[in-house]
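*Asks:* Dropping in final.cif, which is mmCIF, C-alpha atoms:
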data_input
loop_
_atom_site.label_atom_id
_atom_site.label_comp_id
_atom_site.auth_asym_id
_atom_site.auth_seq_id
_atom_site.Cartn_x
_atom_site.Cartn_y
_atom_site.Cartn_z
CA MET A 23 -80.88 20.35 16.94
CA HIS A 24 -81.69 20.46 13.25
CA GLU A 25 -83.81 17.36 13.77
CA MET A 26 -86.87 19.47 14.61
CA GLY A 27 -86.76 21.60 11.45
CA ILE A 28 -86.23 18.58 9.24
CA ALA A 29 -88.96 16.60 11.02
CA GLN A 30 -91.36 19.49 10.41
CA SER A 31 -90.53 19.53 6.68
CA ILE A 32 -91.07 15.77 6.48
CA LEU A 33 -94.40 16.03 8.27
CA ASP A 34 -95.59 18.79 5.92
CA ILE A 35 -94.61 16.84 2.81
CA ALA A 36 -96.08 13.58 4.15
CA ILE A 37 -99.42 15.14 5.08
CA ALA A 38 -99.69 16.87 1.71
CA ALA A 39 -98.97 13.59 -0.12
CA ALA A 40 -101.48 11.65 2.01
CA GLU A 41 -104.23 14.25 1.58
CA LYS A 42 -103.70 14.27 -2.15
CA GLU A 43 -104.49 10.54 -2.19
CA GLY A 44 -107.47 11.00 0.14
CA ALA A 45 -105.83 8.93 2.90
CA GLN A 46 -107.26 9.02 6.44
CA LYS A 47 -104.16 8.18 8.39
CA ILE A 48 -100.40 7.90 7.92
CA THR A 49 -98.98 4.77 9.56
CA ARG A 50 -95.37 4.84 8.43
CA VAL A 51 -92.93 7.36 6.98
CA ASN A 52 -89.76 6.17 5.23
CA VAL A 53 -86.92 8.67 5.08
CA VAL A 54 -83.51 8.33 3.41
CA ALA A 55 -80.75 10.44 4.97
CA GLY A 56 -77.06 10.56 4.04
CA GLU A 57 -74.53 9.99 6.78
CA LEU A 58 -73.11 13.50 6.27
CA ARG A 59 -76.45 14.95 7.41
CA GLY A 60 -75.56 13.85 10.91
CA LEU A 61 -79.13 13.11 11.96
CA VAL A 62 -79.43 11.56 15.40
CA PRO A 63 -82.09 8.84 14.95
CA LEU A 64 -83.41 8.92 18.51
CA GLN A 65 -83.81 12.71 18.56
CA PHE A 66 -85.24 12.63 15.12
CA THR A 67 -87.99 10.09 15.86
CA PHE A 68 -88.73 11.91 19.13
CA CYS A 69 -89.19 15.26 17.35
CA PHE A 70 -91.31 13.70 14.67
CA GLY A 71 -93.58 11.96 17.18
CA LEU A 72 -94.02 15.20 19.06
CA ILE A 73 -95.04 17.38 16.14
CA ALA A 74 -97.14 14.64 14.53
CA GLU A 75 -99.55 14.64 17.49
CA ASN A 76 -103.03 15.83 16.53
CA THR A 77 -102.33 15.36 12.82
CA ILE A 78 -103.20 12.46 10.53
CA ALA A 79 -99.62 11.27 11.11
CA SER A 80 -100.14 10.90 14.85
CA GLY A 81 -98.55 7.63 16.00
CA ALA A 82 -96.92 7.00 12.61
CA GLN A 83 -93.68 5.07 12.67
CA LEU A 84 -90.70 6.97 11.30
CA ASN A 85 -88.16 4.77 9.57
CA LEU A 86 -84.77 6.35 8.94
CA GLU A 87 -82.45 4.71 6.44
CA ILE A 88 -78.94 6.13 6.69
CA THR A 89 -76.97 5.94 3.44
CA PRO A 90 -73.15 5.89 3.52
CA VAL A 91 -70.76 8.53 2.23
CA ARG A 92 -69.67 7.70 -1.32
CA GLY A 93 -66.63 9.05 -3.09
CA ARG A 94 -65.30 9.19 -6.62
CA CYS A 95 -61.57 9.31 -7.33
CA ARG A 96 -60.72 12.19 -9.65
CA LYS A 97 -57.57 10.40 -10.82
CA CYS A 98 -58.81 6.91 -11.74
CA ASP A 99 -62.61 7.36 -11.60
CA GLU A 100 -63.09 4.59 -9.03
CA THR A 101 -66.25 4.98 -6.93
CA PHE A 102 -66.30 3.61 -3.41
CA ILE A 103 -67.81 3.91 0.06
CA VAL A 104 -65.93 6.33 2.30
CA GLU A 105 -65.61 4.94 5.81
CA ASP A 106 -64.74 7.11 8.77
CA TYR A 107 -64.19 10.09 6.42
CA ARG A 108 -61.10 8.48 4.91
CA TYR A 109 -61.13 10.09 1.50
CA ILE A 110 -58.47 7.84 -0.03
CA CYS A 111 -59.03 5.90 -3.25
CA PRO A 112 -58.78 2.15 -2.50
CA LYS A 113 -57.54 1.51 -6.05
CA CYS A 114 -54.84 4.13 -6.68
CA GLN A 115 -54.44 5.63 -3.15
CA SER A 116 -55.09 9.16 -4.46
CA GLU A 117 -56.52 11.66 -1.97
CA ASP A 118 -58.18 13.68 -4.71
CA VAL A 119 -61.65 12.36 -4.02
CA GLU A 120 -64.97 14.08 -4.49
CA THR A 121 -68.06 13.24 -2.46
CA ILE A 122 -70.86 11.89 -4.64
CA GLY A 123 -73.20 10.54 -1.97
CA GLY A 124 -74.03 10.86 1.70
CA THR A 125 -75.80 14.22 1.70
CA GLU A 126 -79.19 13.11 0.41
CA LEU A 127 -82.25 13.85 2.51
CA ARG A 128 -85.43 12.49 1.00
CA LEU A 129 -88.88 11.40 1.99
CA ARG A 130 -89.02 8.13 0.03
CA ASP A 131 -92.56 6.97 0.66
CA ILE A 132 -95.35 6.85 3.20
CA GLU A 133 -97.77 4.10 4.18
CA VAL A 134 -101.36 5.15 4.70
CA VAL A 135 -104.79 3.67 5.42
CA MET B 27 -101.31 1.45 0.89
CA LYS B 28 -97.88 2.80 0.07
CA ILE B 29 -97.53 6.20 -1.57
CA SER B 30 -94.24 6.93 -3.29
CA VAL B 31 -93.14 10.48 -2.53
CA MET B 32 -89.42 10.82 -3.38
CA THR B 33 -89.38 14.47 -2.41
CA ASP B 34 -86.23 16.25 -1.35
CA ILE B 35 -86.99 17.38 2.17
CA LEU B 36 -85.22 20.70 1.81
CA GLU B 37 -86.67 21.41 -1.62
CA ALA B 38 -89.07 24.11 -0.41
CA ASN B 39 -86.20 25.95 1.25
CA ASP B 40 -83.93 25.51 -1.77
CA ARG B 41 -86.58 27.07 -4.01
CA ILE B 42 -86.78 30.18 -1.84
CA ALA B 43 -82.97 30.33 -1.66
CA THR B 44 -82.79 30.25 -5.47
CA ALA B 45 -85.27 33.14 -5.66
CA ASN B 46 -83.15 35.12 -3.16
CA ARG B 47 -80.08 34.40 -5.24
CA GLU B 48 -81.77 35.87 -8.32
CA VAL B 49 -82.51 39.07 -6.40
CA PHE B 50 -78.88 39.27 -5.23
CA ASP B 51 -77.52 38.66 -8.73
CA LYS B 52 -79.74 41.36 -10.15
CA HIS B 53 -78.33 43.83 -7.63
CA ARG B 54 -74.75 42.64 -8.19
CA ASN B 55 -74.31 41.45 -4.62
CA LEU B 56 -71.72 38.86 -3.73
CA VAL B 57 -73.35 36.96 -0.87
CA ILE B 58 -71.47 35.09 1.84
CA ASN B 59 -73.15 32.80 4.35
CA LEU B 60 -70.88 33.08 7.41
CA MET B 61 -71.13 30.22 9.87
CA SER B 62 -69.38 29.13 13.06
CA SER B 63 -70.10 27.98 16.57
CA ALA B 64 -71.05 30.58 19.16
CA GLY B 65 -68.11 32.74 20.20
CA ALA B 66 -65.78 31.87 17.32
CA GLY B 67 -65.63 35.52 16.25
CA LYS B 68 -68.23 36.14 13.54
CA THR B 69 -69.23 39.62 14.69
CA THR B 70 -65.63 40.67 15.36
CA LEU B 71 -64.64 39.45 11.90
CA LEU B 72 -67.43 41.57 10.44
CA GLU B 73 -66.16 44.64 12.30
CA ARG B 74 -62.66 43.99 10.96
CA THR B 75 -64.02 43.38 7.46
CA SER B 76 -66.00 46.59 7.55
CA GLU B 77 -62.88 48.64 8.37
CA ALA B 78 -60.66 46.86 5.85
CA LEU B 79 -63.14 46.95 2.95
CA ARG B 80 -63.94 50.63 3.36
CA SER B 81 -63.15 52.64 0.22
CA LYS B 82 -62.90 49.36 -1.72
CA LEU B 83 -66.32 47.70 -1.70
CA ARG B 84 -69.55 48.42 0.15
CA LEU B 85 -70.47 45.91 2.81
CA GLY B 86 -73.95 45.04 4.10
CA VAL B 87 -74.89 42.57 6.82
CA ILE B 88 -77.86 40.43 7.76
CA ALA B 89 -77.23 39.21 11.30
CA GLY B 90 -79.06 36.26 12.78
CA ASP B 91 -79.32 35.84 16.51
CA ILE B 92 -81.64 33.76 18.63
CA GLU B 93 -82.82 36.50 20.96
CA THR B 94 -80.86 39.72 21.21
CA THR B 95 -80.00 42.59 18.89
CA ARG B 96 -76.52 43.08 20.38
CA ASP B 97 -74.69 42.01 17.24
CA SER B 98 -76.49 44.50 15.05
CA GLU B 99 -75.92 47.27 17.61
CA ARG B 100 -72.19 46.55 17.47
CA LEU B 101 -72.23 46.63 13.68
CA GLU B 102 -74.38 49.71 13.34
CA SER B 103 -71.70 51.69 15.12
CA HIS B 104 -69.57 51.00 12.02
CA GLN B 105 -72.15 52.77 9.87
CA LEU B 106 -72.99 49.60 7.99
CA PRO B 107 -76.38 48.74 6.56
CA VAL B 108 -77.45 45.99 8.97
CA VAL B 109 -80.66 44.01 9.33
CA GLN B 110 -81.07 41.95 12.48
CA LEU B 111 -83.13 38.78 12.36
CA THR B 112 -84.03 37.35 15.74
CA THR B 113 -84.84 33.75 15.08
CA GLY B 114 -86.61 33.00 18.36
CA THR B 115 -86.08 29.31 18.98
CA ALA B 116 -84.68 28.50 15.53
CA CYS B 117 -81.00 27.59 15.53
CA HIS B 118 -80.28 28.64 11.94
CA LEU B 119 -81.34 31.07 9.21
CA ASP B 120 -83.30 29.71 6.27
CA GLY B 121 -84.28 30.98 2.85
CA ASN B 122 -87.55 32.40 4.06
CA MET B 123 -86.04 34.45 6.88
CA ILE B 124 -83.55 36.00 4.46
CA ALA B 125 -86.35 36.78 2.00
CA SER B 126 -88.15 38.63 4.81
CA ALA B 127 -85.06 40.76 5.48
CA LEU B 128 -84.57 41.91 1.89
CA PRO B 129 -87.13 44.75 1.86
CA HIS B 130 -85.19 46.33 4.75
CA LEU B 131 -81.92 46.62 2.82
CA ASP B 132 -81.06 48.83 -0.14
CA LEU B 133 -79.28 46.12 -2.11
CA SER B 134 -78.32 48.56 -4.86
CA GLN B 135 -75.95 50.21 -2.35
CA ILE B 136 -74.21 46.96 -1.40
CA ASP B 137 -71.40 45.05 -3.15
CA ILE B 138 -70.78 42.34 -0.58
CA LEU B 139 -73.57 41.07 1.64
CA ILE B 140 -72.48 38.90 4.54
CA ILE B 141 -75.16 36.83 6.22
CA GLU B 142 -74.06 36.14 9.77
CA ASN B 143 -75.72 32.87 10.63
CA VAL B 144 -76.73 31.74 14.11
CA GLY B 145 -73.78 30.37 16.10
CA ASN B 146 -74.08 26.64 15.59
CA LEU B 147 -72.07 24.07 13.61
CA VAL B 148 -74.95 21.81 12.64
CA CYS B 149 -78.15 23.36 11.37
CA PRO B 150 -76.90 26.34 9.33
CA ALA B 151 -75.12 23.97 6.93
CA GLU B 152 -78.44 22.35 6.02
CA PHE B 153 -80.26 25.43 4.80
CA LYS B 154 -79.25 27.40 1.75
CA VAL B 155 -80.19 31.06 1.96
CA GLY B 156 -79.22 32.21 -1.55
CA GLU B 157 -75.50 32.62 -0.95
CA ASP B 158 -72.64 32.41 -3.45
CA TYR B 159 -70.30 30.89 -0.90
CA LYS B 160 -70.42 29.41 2.56
CA VAL B 161 -67.52 30.50 4.73
CA MET B 162 -66.91 29.12 8.18
CA ILE B 163 -64.85 30.20 11.15
CA LEU B 164 -63.24 27.71 13.50
CA SER B 165 -61.36 29.20 16.43
CA VAL B 166 -58.35 27.54 18.03
CA THR B 167 -60.12 27.61 21.40
CA GLU B 168 -62.59 25.03 20.08
CA GLY B 169 -60.87 21.82 19.00
CA ASP B 170 -59.03 20.28 16.07
CA GLU B 171 -61.48 17.34 15.86
CA LYS B 172 -64.40 19.62 14.92
CA PRO B 173 -64.26 18.78 11.18
CA LEU B 174 -64.89 15.11 11.95
CA LYS B 175 -67.73 15.92 14.34
CA TYR B 176 -69.53 18.33 12.01
CA PRO B 177 -68.64 17.06 8.55
CA LEU B 178 -71.47 18.65 6.59
CA MET B 179 -70.48 22.21 7.48
CA PHE B 180 -66.85 21.62 6.47
CA ARG B 181 -67.94 19.89 3.28
CA GLU B 182 -70.27 22.70 2.24
CA SER B 183 -67.84 25.55 2.92
CA ALA B 184 -65.57 27.09 0.28
CA LEU B 185 -63.29 28.77 2.81
CA LEU B 186 -62.32 27.97 6.39
CA LEU B 187 -60.97 30.79 8.54
CA ILE B 188 -59.04 29.51 11.55
CA ASN B 189 -59.47 32.39 13.99
CA LYS B 190 -57.75 33.42 17.24
CA ILE B 191 -54.50 32.12 15.76
CA ASP B 192 -52.67 34.49 18.15
CA LEU B 193 -53.83 32.25 21.00
CA LEU B 194 -52.55 29.05 19.41
CA GLN B 195 -49.59 28.63 21.77
CA HIS B 196 -51.90 28.79 24.79
CA THR B 197 -54.12 25.94 23.61
CA ASN B 198 -53.70 22.26 22.78
CA PHE B 199 -55.21 22.89 19.35
CA ASN B 200 -53.17 21.01 16.74
CA LEU B 201 -53.29 23.27 13.68
CA GLU B 202 -51.93 20.71 11.20
CA GLU B 203 -54.31 18.06 12.51
CA ALA B 204 -57.27 20.44 12.19
CA LYS B 205 -56.36 21.28 8.60
CA ALA B 206 -55.80 17.63 7.71
CA ASN B 207 -59.18 16.74 9.22
CA ALA B 208 -60.90 19.54 7.33
CA ARG B 209 -59.29 18.53 4.03
CA ARG B 210 -60.27 14.92 4.62
CA ILE B 211 -63.88 16.05 4.56
CA ASN B 212 -63.42 18.60 1.78
CA PRO B 213 -60.28 18.40 -0.37
CA ASP B 214 -61.21 21.64 -2.18
CA LEU B 215 -61.50 23.70 1.02
CA GLU B 216 -59.38 26.87 1.15
CA ILE B 217 -57.96 27.55 4.61
CA MET B 218 -56.60 30.78 6.11
CA ASP B 219 -55.13 31.42 9.57
CA ILE B 220 -56.44 34.68 10.96
CA SER B 221 -56.62 36.73 14.12
CA CYS B 222 -59.28 39.38 14.46
CA THR B 223 -57.32 40.73 17.45
CA THR B 224 -53.89 41.21 15.85
CA GLY B 225 -55.16 41.54 12.27
CA GLN B 226 -53.10 38.60 11.01
CA GLY B 227 -54.54 37.15 7.81
CA ILE B 228 -57.28 39.77 7.51
CA GLU B 229 -55.67 41.08 4.33
CA ASP B 230 -55.88 37.61 2.76
CA TRP B 231 -59.55 37.38 3.67
CA ILE B 232 -60.26 40.81 2.16
CA SER B 233 -58.39 39.85 -1.03
CA TRP B 234 -60.43 36.66 -1.21
CA LEU B 235 -63.66 38.69 -1.00
CA ILE B 236 -62.52 41.23 -3.59
CA HIS B 237 -61.32 38.50 -5.92
CA ARG B 238 -64.59 36.59 -5.65
CA HIS B 239 -66.54 39.77 -6.29
CA GLN B 240 -64.45 40.52 -9.36
CA SER B 241 -64.72 37.02 -10.76
CA LYS B 242 -68.50 37.16 -10.36
CA PHE B 243 -69.11 40.61 -11.76
CA GLY B 244 -65.90 41.64 -13.50
CA ASN B 245 -64.06 44.87 -12.82
CA LYS B 246 -66.71 47.10 -14.25
CA LYS B 247 -68.22 49.70 -11.99
CA ARG B 248 -71.90 49.53 -11.38
CA ALA B 249 -73.89 51.28 -14.09
#
For this file, write the structure as structure tokens.
*Replies:*
Amino acid sequence: MHEMGIAQSILDIAIAAAEKEGAQKITRVNVVAGELRGLVPLQFTFCFGLIAENTIASGAQLNLEITPVRGRCRKCDETFIVEDYRYICPKCQSEDVETIGGTELRLRDIEVV
Amino acid sequence: MKISVMTDILEANDRIATANREVFDKHRNLVINLMSSAGAGKTTLLERTSEALRSKLRLGVIAGDIETTRDSERLESHQLPVVQLTTGTACHLDGNMIASALPHLDLSQIDILIIENVGNLVCPAEFKVGEDYKVMILSVTEGDEKPLKYPLMFRESALLLINKIDLLQHTNFNLEEAKANARRINPDLEIMDISCTTGQGIEDWISWLIHRHQSKFGNKKRA
């Protein structure tokens, strides 16, 4: 259940950003999370809704965009999307692949009134 | 109105972890963040490590547990410097909790500090605490599909210890499958088969620690 800790961090960052702009209320929060983070969307939105109560983010919609795992072949430099954790280069079939995406966890933007 | 934020959600934690790391480096501590599910053998490995490292390098431990202090009681009987962090409801240790433990340890008397994380394969991988390396234990009584279920932890770890290897024949754990799955997630992962009961592989683990300590600080004795 890492969803709760992450939701709390998002809420803190979102409220700080909204207050800085003098906003009254947060209506939407847009988060980008890599697939490797293993966030469970339903749990995540539930946790966020719970801790947002009695804050300016109360009732805000949490939008979670999951980004795929991306790999780069160390042999031929091809970059590609890794599906189902199959770290095999589609161009040269090498298994020497490094992960270059899929671990991001960012609060992209918020919508306020 | 839309406000662009673009903030890394774990940035606040990462900043504290970096500050911890500076403290550790100053004191010449090699720091290992030890992670596994509950019951995989973290505390037993620490007991083994304490015995095997004695007269070579000085070990210190920060032990995280949700409620009890049983782990630290077990370790204190080995005359190790141990700080217990009870995390309450939190399922992982974070940078801040480790920072709060530092005043209770004499870091100048420690060469290798092992941070025993809370037993859990998900959350600990998310939070840096200031470690040099993440090491994880997977025991053969768990399951060979674990790497695919908890990819982040396997991806973040430098070393995977497959524990309870003495029990392998009594389980349906497919060792080759587990290793292949782990390497699919992290091709650079080092893997060792160990048993904290029979002692198999413990020597390799100790050599790994000593080697990492030497490559970080050189062979020179502390001034």
*Asks:* Under the rule that only C-alpha atoms are counted, which of B:Leu133, B:Met218, B:Val166, B:Val87 is the nearest residue to Gly65 of chain B?
*Replies:*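 Distance minimum relative to Gly65 of chain B lands on B:Val166.
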*Asks:* So that I can see what lies close to Pro63 of chain A, please list as a ChimeraX atom specification the residues with an atom at most 12 Å from it, counting all atoms listed in the file and leaving out residues fewer than 5 positions away in the same chain.
*Replies:* /A:23-26,29,53-55,57,68-70,84-88
*Asks:* What residues in chain A lie within 6 Å of chain B, counting all atoms listed in the file, written as a VMD selection string?
*Replies:* chain A and resid 24 58 109 127 to 134
*Asks:* Can those selected residues be exported to a file as an mmCIF file, keeping the file's coordinate frame so that it contains C-alpha atoms?
*Replies:*
data_model
loop_
_atom_site.group_PDB
_atom_site.id
_atom_site.type_symbol
_atom_site.label_atom_id
_atom_site.label_comp_id
_atom_site.auth_asym_id
_atom_site.auth_seq_id
_atom_site.Cartn_x
_atom_site.Cartn_y
_atom_site.Cartn_z
ATOM 1 C CA HIS A 24 -81.690 20.460 13.250
ATOM 2 C CA LEU A 58 -73.110 13.500 6.270
ATOM 3 C CA TYR A 109 -61.130 10.090 1.500
ATOM 4 C CA LEU A 127 -82.250 13.850 2.510
ATOM 5 C CA ARG A 128 -85.430 12.490 1.000
ATOM 6 C CA LEU A 129 -88.880 11.400 1.990
ATOM 7 C CA ARG A 130 -89.020 8.130 0.030
ATOM 8 C CA ASP A 131 -92.560 6.970 0.660
ATOM 9 C CA ILE A 132 -95.350 6.850 3.200
ATOM 10 C CA GLU A 133 -97.770 4.100 4.180
ATOM 11 C CA VAL A 134 -101.360 5.150 4.700
#
*Asks:* So that I can see what lies close to Ala38 of chain A, please list as a ChimeraX atom specification the residues with an atom at most 12 Å from it, counting only C-alpha atoms and leaving out residues fewer than 4 positions away in the same chain.
*Replies:* /A:31-34,42-48,77-79,132 /B:29,31,33
*Asks:* Translate the PyMOL selection byres ((chain A and resi 89-95) around 10) into a concrete residue list for this structure, as a short mmCIF file (atom, residue, chain, number, x, y, z; two decimals) with C-alpha atoms, in the coordinates of the input.
*Replies:*
data_model
loop_
_atom_site.label_atom_id
_atom_site.label_comp_id
_atom_site.auth_asym_id
_atom_site.auth_seq_id
_atom_site.Cartn_x
_atom_site.Cartn_y
_atom_site.Cartn_z
CA VAL A 54 -83.51 8.33 3.41
CA ALA A 55 -80.75 10.44 4.97
CA GLY A 56 -77.06 10.56 4.04
CA GLU A 57 -74.53 9.99 6.78
CA LEU A 58 -73.11 13.50 6.27
CA ARG A 59 -76.45 14.95 7.41
CA LEU A 86 -84.77 6.35 8.94
CA GLU A 87 -82.45 4.71 6.44
CA ILE A 88 -78.94 6.13 6.69
CA ARG A 96 -60.72 12.19 -9.65
CA LYS A 97 -57.57 10.40 -10.82
CA CYS A 98 -58.81 6.91 -11.74
CA ASP A 99 -62.61 7.36 -11.60
CA GLU A 100 -63.09 4.59 -9.03
CA THR A 101 -66.25 4.98 -6.93
CA PHE A 102 -66.30 3.61 -3.41
CA ILE A 103 -67.81 3.91 0.06
CA VAL A 104 -65.93 6.33 2.30
CA GLU A 105 -65.61 4.94 5.81
CA ASP A 106 -64.74 7.11 8.77
CA TYR A 107 -64.19 10.09 6.42
CA ARG A 108 -61.10 8.48 4.91
CA TYR A 109 -61.13 10.09 1.50
CA ILE A 110 -58.47 7.84 -0.03
CA CYS A 111 -59.03 5.90 -3.25
CA PRO A 112 -58.78 2.15 -2.50
CA LYS A 113 -57.54 1.51 -6.05
CA CYS A 114 -54.84 4.13 -6.68
CA GLN A 115 -54.44 5.63 -3.15
CA SER A 116 -55.09 9.16 -4.46
CA GLU A 117 -56.52 11.66 -1.97
CA ASP A 118 -58.18 13.68 -4.71
CA VAL A 119 -61.65 12.36 -4.02
CA GLU A 120 -64.97 14.08 -4.49
CA THR A 121 -68.06 13.24 -2.46
CA ILE A 122 -70.86 11.89 -4.64
CA GLY A 123 -73.20 10.54 -1.97
CA GLY A 124 -74.03 10.86 1.70
CA THR A 125 -75.80 14.22 1.70
CA GLU A 126 -79.19 13.11 0.41
CA LEU A 127 -82.25 13.85 2.51
#
*Asks:* Could you tell me how far atom CA of Thr112 of chain B sits from atom CA of Leu72 of chain A, in Å to one decimal place?
*Replies:*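 Atom CA of Thr112 of chain B lies 24.5 Å from atom CA of Leu72 of chain A.
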*Asks:* With the file shown as input, list the residues that the PyMOL selection byres ((chain B and resi 83) around 12) selects, as JSON, numbers by chain.
*Replies:* {"B": [54, 55, 56, 75, 76, 77, 78, 79, 80, 81, 82, 84, 85, 86, 106, 135, 136, 137, 138, 139, 232, 233, 235, 236, 237, 238, 239, 240, 245, 247, 248]}
*Asks:* Report, in Å with one decimal, the straight-line distance from atom CA of Arg96 of chain B to atom CA of Thr224 of chain B.
*Replies:* 23.2 Å
*Asks:* Please list, as a PDB file with C-alpha atoms, in the frame of the given file, the residues that have an atom at most 7 Å away from (-98.0, 3.2, 12.4) in the coordinates of this file, counting only C-alpha atoms.
*Replies:*
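Heads up, here's the output in point24.pdb:
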ATOM      1  CA  ILE A  48    -100.400   7.900   7.920  1.00  0.00           C
ATOM      2  CA  THR A  49     -98.980   4.770   9.560  1.00  0.00           C
ATOM      3  CA  ARG A  50     -95.370   4.840   8.430  1.00  0.00           C
ATOM      4  CA  GLY A  81     -98.550   7.630  16.000  1.00  0.00           C
ATOM      5  CA  ALA A  82     -96.920   7.000  12.610  1.00  0.00           C
ATOM      6  CA  GLN A  83     -93.680   5.070  12.670  1.00  0.00           C
TER       7      GLN A  83
END
*Asks:* Find the residue from B:His130, B:Lys68, B:Arg47, B:Lys52 that sits nearest to Val161 of chain B; use only C-alpha atoms when measuring.
*Replies:* B:Lys68
*Asks:* Please report the interatomic distance between atom CA of Ser62 of chain B and atom CA of Leu187 of chain B in Å with one decimal.
*Replies:*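 Pair atom CA of Ser62 of chain B / atom CA of Leu187 of chain B returns 9.7 Å.
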*Asks:* Report the centre and edge lengths, in Å to one decimal, of an axis-aligned box enclosing every atom of segment 197-200 of chain B listed in the file, padded by 4 Å on each side, as AutoDock Vina command-line options.
*Replies:*
--center_x -54.2 --center_y 23.5 --center_z 20.2 --size_x 10.0 --size_y 12.9 --size_z 14.9
*Asks:* Can you list what the PyMOL selection byres ((chain B and resi 144) around 7) grabs from this structure, as a list of chain:residue names?
*Replies:*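 This file, filtered by the PyMOL selection byres ((chain B and resi 144) around 7), leaves B:Gly90, B:Asp91, B:Ile92, B:Cys117, B:His118, B:Leu119, B:Glu142, B:Asn143, B:Gly145, B:Asn146.
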*Asks:* For Asn46 of chain B, find every residue with an atom within 10 Å (counting only C-alpha atoms), except residues of its own chain fewer than 4 positions away, and show them as a list of chain:residue names.
*Replies:*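 The contact residues come out as B:Asp40, B:Arg41, B:Ile42, B:Phe50, B:Asp51, B:Lys52, B:Gly121, B:Asn122, B:Ile124, B:Ala125, B:Leu128, B:Lys154, B:Val155, B:Gly156, B:Glu157.
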